[in-house]
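Notes follow once the structure below has been shown.
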Amino acid sequence: AVFGTPPEPGQTLPGIPDEEITTHLDVEPWAERKLAAMRAHDSEVRRGGSLSMLLSLPEEIRALGLNNEWYRRLSYGGPRESALSAG
């Protein structure tokens, strides 16, 4: 729904491969705050592009992206960690 049509065979969408994602955060409690911050950048919204596209999506589709954040945790010198805080 976000990109209009599915990618062609061999074509990739922006981002990194799923297998490299180490951390998922449910940030739904802050989604409205994130949305308000995006809308505050009026010149960027008026200019068009990805921010305008995101803000114009139906609420239920937009929530799929805004309510979740995904990260790839990198370790510099040690083993890769799979949690936000090593213990």
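Residues are referred to by chain and number: the chain letter is A, B, ... according to the order shown in the structure tokens, the number counts from 1 in that chain, and ligands are numbered separately from 1 in the order shown.
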Exercise. Which residues come within 6 Å of region 64-68 of chain A, counting only C-alpha atoms, excluding same-chain residues fewer than 6 positions away, as a ChimeraX atom specification?
Worked result: /A:25-28,31
Mind checking which residues fall within 10 Å of Asp42 (chain A), counting only C-alpha atoms, ignoring those fewer than 5 positions away in the same chain, and posting them as a PDB file with N, CA, C and O atoms, in the first residue's frame?
ATOM      1  N   ALA A  37       5.321  15.829  15.511  1.00  0.00           N
ATOM      2  CA  ALA A  37       6.646  16.351  15.165  1.00  0.00           C
ATOM      3  C   ALA A  37       6.829  16.401  13.648  1.00  0.00           C
ATOM      4  O   ALA A  37       7.377  17.369  13.110  1.00  0.00           O
ATOM      5  N   ARG A  47       6.634  20.556   0.514  1.00  0.00           N
ATOM      6  CA  ARG A  47       7.580  20.260  -0.567  1.00  0.00           C
ATOM      7  C   ARG A  47       7.262  18.931  -1.236  1.00  0.00           C
ATOM      8  O   ARG A  47       7.617  18.682  -2.374  1.00  0.00           O
ATOM      9  N   SER A  52       5.388  13.772   2.972  1.00  0.00           N
ATOM     10  CA  SER A  52       4.016  14.023   2.501  1.00  0.00           C
ATOM     11  C   SER A  52       3.285  12.724   2.238  1.00  0.00           C
ATOM     12  O   SER A  52       2.112  12.576   2.580  1.00  0.00           O
TER      13      SER A  52
END
Using only C-alpha atoms, which protein or nucleic acid residues come within 10 Å of Asp18 (chain A)? Drop anything in the same chain fewer than 4 positions from it, and give the result as a PyMOL selection string. chain A and resi 22+70+72
Region 9-78 of chain A: residues DSSP assigns to strand (DSSP E or B), reported as a ChimeraX atom specification: /A:23-26,68-71
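Atom to atom, CA of Leu57 (chain A) and CA of Tyr71 (chain A) stand 23.2 Å apart.
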inquiry  = At a cut-off of 12 Å, using only C-alpha atoms, what residues contact Leu51 (chain A)? Leave out same-chain residues fewer than 3 positions from it and give the result as a ChimeraX atom specification.
reply    = /A:2,35,37-48,54-57,62
Residues from the last selection, all heavy atoms, saved as a short mmCIF file (atom, residue, chain, number, x, y, z; two decimals), in the first residue's frame:
data_model
loop_
_atom_site.label_atom_id
_atom_site.label_comp_id
_atom_site.auth_asym_id
_atom_site.auth_seq_id
_atom_site.Cartn_x
_atom_site.Cartn_y
_atom_site.Cartn_z
N VAL A 2 1.99 1.22 0.69
CA VAL A 2 2.84 2.41 0.77
C VAL A 2 3.51 2.71 -0.57
O VAL A 2 3.57 3.85 -1.00
CB VAL A 2 3.92 2.23 1.87
CG1 VAL A 2 4.91 3.37 1.85
CG2 VAL A 2 3.25 2.12 3.23
N LEU A 35 3.98 11.80 15.13
CA LEU A 35 3.17 12.36 14.05
C LEU A 35 3.12 13.88 14.15
O LEU A 35 3.27 14.59 13.15
CB LEU A 35 1.78 11.75 14.07
CG LEU A 35 0.85 12.09 12.92
CD1 LEU A 35 1.46 11.69 11.58
CD2 LEU A 35 -0.49 11.41 13.11
N ALA A 37 5.32 15.83 15.51
CA ALA A 37 6.65 16.35 15.16
C ALA A 37 6.83 16.40 13.65
O ALA A 37 7.38 17.37 13.11
CB ALA A 37 7.73 15.49 15.81
N MET A 38 6.35 15.38 12.95
CA MET A 38 6.45 15.37 11.49
C MET A 38 5.62 16.49 10.88
O MET A 38 6.07 17.19 9.98
CB MET A 38 6.01 14.02 10.94
CG MET A 38 6.95 12.91 11.26
SD MET A 38 6.27 11.35 10.65
CE MET A 38 7.33 10.21 11.50
N ARG A 39 4.41 16.65 11.39
CA ARG A 39 3.54 17.70 10.86
C ARG A 39 4.08 19.10 11.15
O ARG A 39 3.76 20.05 10.45
CB ARG A 39 2.14 17.55 11.44
CG ARG A 39 1.39 16.40 10.83
CD ARG A 39 -0.06 16.39 11.28
NE ARG A 39 -0.81 15.41 10.54
CZ ARG A 39 -1.60 14.50 11.08
NH1 ARG A 39 -1.78 14.48 12.39
NH2 ARG A 39 -2.23 13.64 10.34
N ALA A 40 4.91 19.24 12.18
CA ALA A 40 5.48 20.54 12.53
C ALA A 40 6.47 21.03 11.48
O ALA A 40 6.76 22.23 11.43
CB ALA A 40 6.16 20.46 13.90
N HIS A 41 6.95 20.15 10.65
CA HIS A 41 7.90 20.53 9.59
C HIS A 41 7.11 20.87 8.33
O HIS A 41 7.21 20.21 7.30
CB HIS A 41 8.90 19.40 9.34
CG HIS A 41 9.80 19.17 10.49
ND1 HIS A 41 10.93 19.92 10.71
CD2 HIS A 41 9.72 18.29 11.53
CE1 HIS A 41 11.52 19.52 11.83
NE2 HIS A 41 10.80 18.53 12.34
N ASP A 42 6.34 21.94 8.42
CA ASP A 42 5.42 22.34 7.36
C ASP A 42 6.10 22.50 6.00
O ASP A 42 5.56 22.08 4.98
CB ASP A 42 4.71 23.63 7.76
CG ASP A 42 3.64 24.02 6.76
OD1 ASP A 42 2.72 23.19 6.54
OD2 ASP A 42 3.73 25.12 6.20
N SER A 43 7.29 23.09 5.97
CA SER A 43 7.96 23.30 4.68
C SER A 43 8.29 21.96 4.02
O SER A 43 8.22 21.83 2.80
CB SER A 43 9.21 24.15 4.84
OG SER A 43 10.16 23.49 5.66
N GLU A 44 8.64 20.96 4.82
CA GLU A 44 8.93 19.63 4.27
C GLU A 44 7.67 18.95 3.77
O GLU A 44 7.68 18.30 2.73
CB GLU A 44 9.61 18.76 5.32
CG GLU A 44 11.01 19.20 5.68
CD GLU A 44 11.96 19.12 4.50
OE1 GLU A 44 11.96 18.10 3.80
OE2 GLU A 44 12.69 20.09 4.28
N VAL A 45 6.58 19.12 4.49
CA VAL A 45 5.31 18.53 4.08
C VAL A 45 4.86 19.16 2.77
O VAL A 45 4.46 18.46 1.83
CB VAL A 45 4.24 18.69 5.17
CG1 VAL A 45 2.89 18.20 4.68
CG2 VAL A 45 4.65 17.95 6.45
N ARG A 46 4.93 20.49 2.68
CA ARG A 46 4.49 21.19 1.46
C ARG A 46 5.38 20.86 0.27
O ARG A 46 4.92 20.86 -0.88
CB ARG A 46 4.47 22.70 1.69
CG ARG A 46 3.27 23.16 2.50
CD ARG A 46 3.18 24.67 2.61
NE ARG A 46 4.17 25.15 3.57
CZ ARG A 46 5.16 26.00 3.29
NH1 ARG A 46 5.29 26.50 2.08
NH2 ARG A 46 6.02 26.38 4.21
N ARG A 47 6.63 20.56 0.51
CA ARG A 47 7.58 20.26 -0.57
C ARG A 47 7.26 18.93 -1.24
O ARG A 47 7.62 18.68 -2.37
CB ARG A 47 8.99 20.23 0.02
CG ARG A 47 10.08 20.07 -1.00
CD ARG A 47 11.40 20.23 -0.33
NE ARG A 47 11.64 19.08 0.52
CZ ARG A 47 12.79 18.44 0.58
NH1 ARG A 47 13.80 18.85 -0.14
NH2 ARG A 47 12.94 17.42 1.38
N GLY A 48 6.57 18.06 -0.54
CA GLY A 48 6.25 16.75 -1.11
C GLY A 48 7.30 15.74 -0.72
O GLY A 48 8.13 15.97 0.14
N LEU A 54 3.87 9.78 3.63
CA LEU A 54 3.57 9.13 4.90
C LEU A 54 2.36 9.77 5.57
O LEU A 54 1.46 9.08 6.04
CB LEU A 54 4.78 9.21 5.83
CG LEU A 54 4.57 8.65 7.23
CD1 LEU A 54 4.36 7.14 7.19
CD2 LEU A 54 5.74 9.01 8.12
N LEU A 55 2.31 11.08 5.60
CA LEU A 55 1.21 11.78 6.26
C LEU A 55 -0.12 11.63 5.52
O LEU A 55 -1.17 11.77 6.13
CB LEU A 55 1.56 13.26 6.44
CG LEU A 55 2.73 13.54 7.38
CD1 LEU A 55 3.05 15.03 7.39
CD2 LEU A 55 2.46 13.03 8.78
N SER A 56 -0.06 11.32 4.24
CA SER A 56 -1.30 11.18 3.47
C SER A 56 -1.86 9.75 3.50
O SER A 56 -2.97 9.53 3.03
CB SER A 56 -1.07 11.61 2.02
OG SER A 56 -0.21 10.70 1.37
N LEU A 57 -1.14 8.81 4.08
CA LEU A 57 -1.62 7.44 4.15
C LEU A 57 -2.82 7.33 5.08
O LEU A 57 -2.93 8.10 6.05
CB LEU A 57 -0.52 6.52 4.67
CG LEU A 57 0.66 6.26 3.75
CD1 LEU A 57 1.74 5.51 4.50
CD2 LEU A 57 0.22 5.50 2.51
N ARG A 62 -0.58 4.02 8.14
CA ARG A 62 0.47 4.87 8.72
C ARG A 62 0.89 4.32 10.08
O ARG A 62 2.07 4.31 10.43
CB ARG A 62 -0.03 6.30 8.83
CG ARG A 62 1.03 7.27 9.26
CD ARG A 62 0.55 8.71 9.24
NE ARG A 62 -0.61 8.89 10.08
CZ ARG A 62 -1.77 9.43 9.67
NH1 ARG A 62 -1.90 9.83 8.43
NH2 ARG A 62 -2.78 9.56 10.49
#
* How many Å separate CA of Arg73 (chain A) from CA of Ile16 (chain A)? ->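 Atom-to-atom, CA of Arg73 (chain A) to CA of Ile16 (chain A), that is 12.2 Å.
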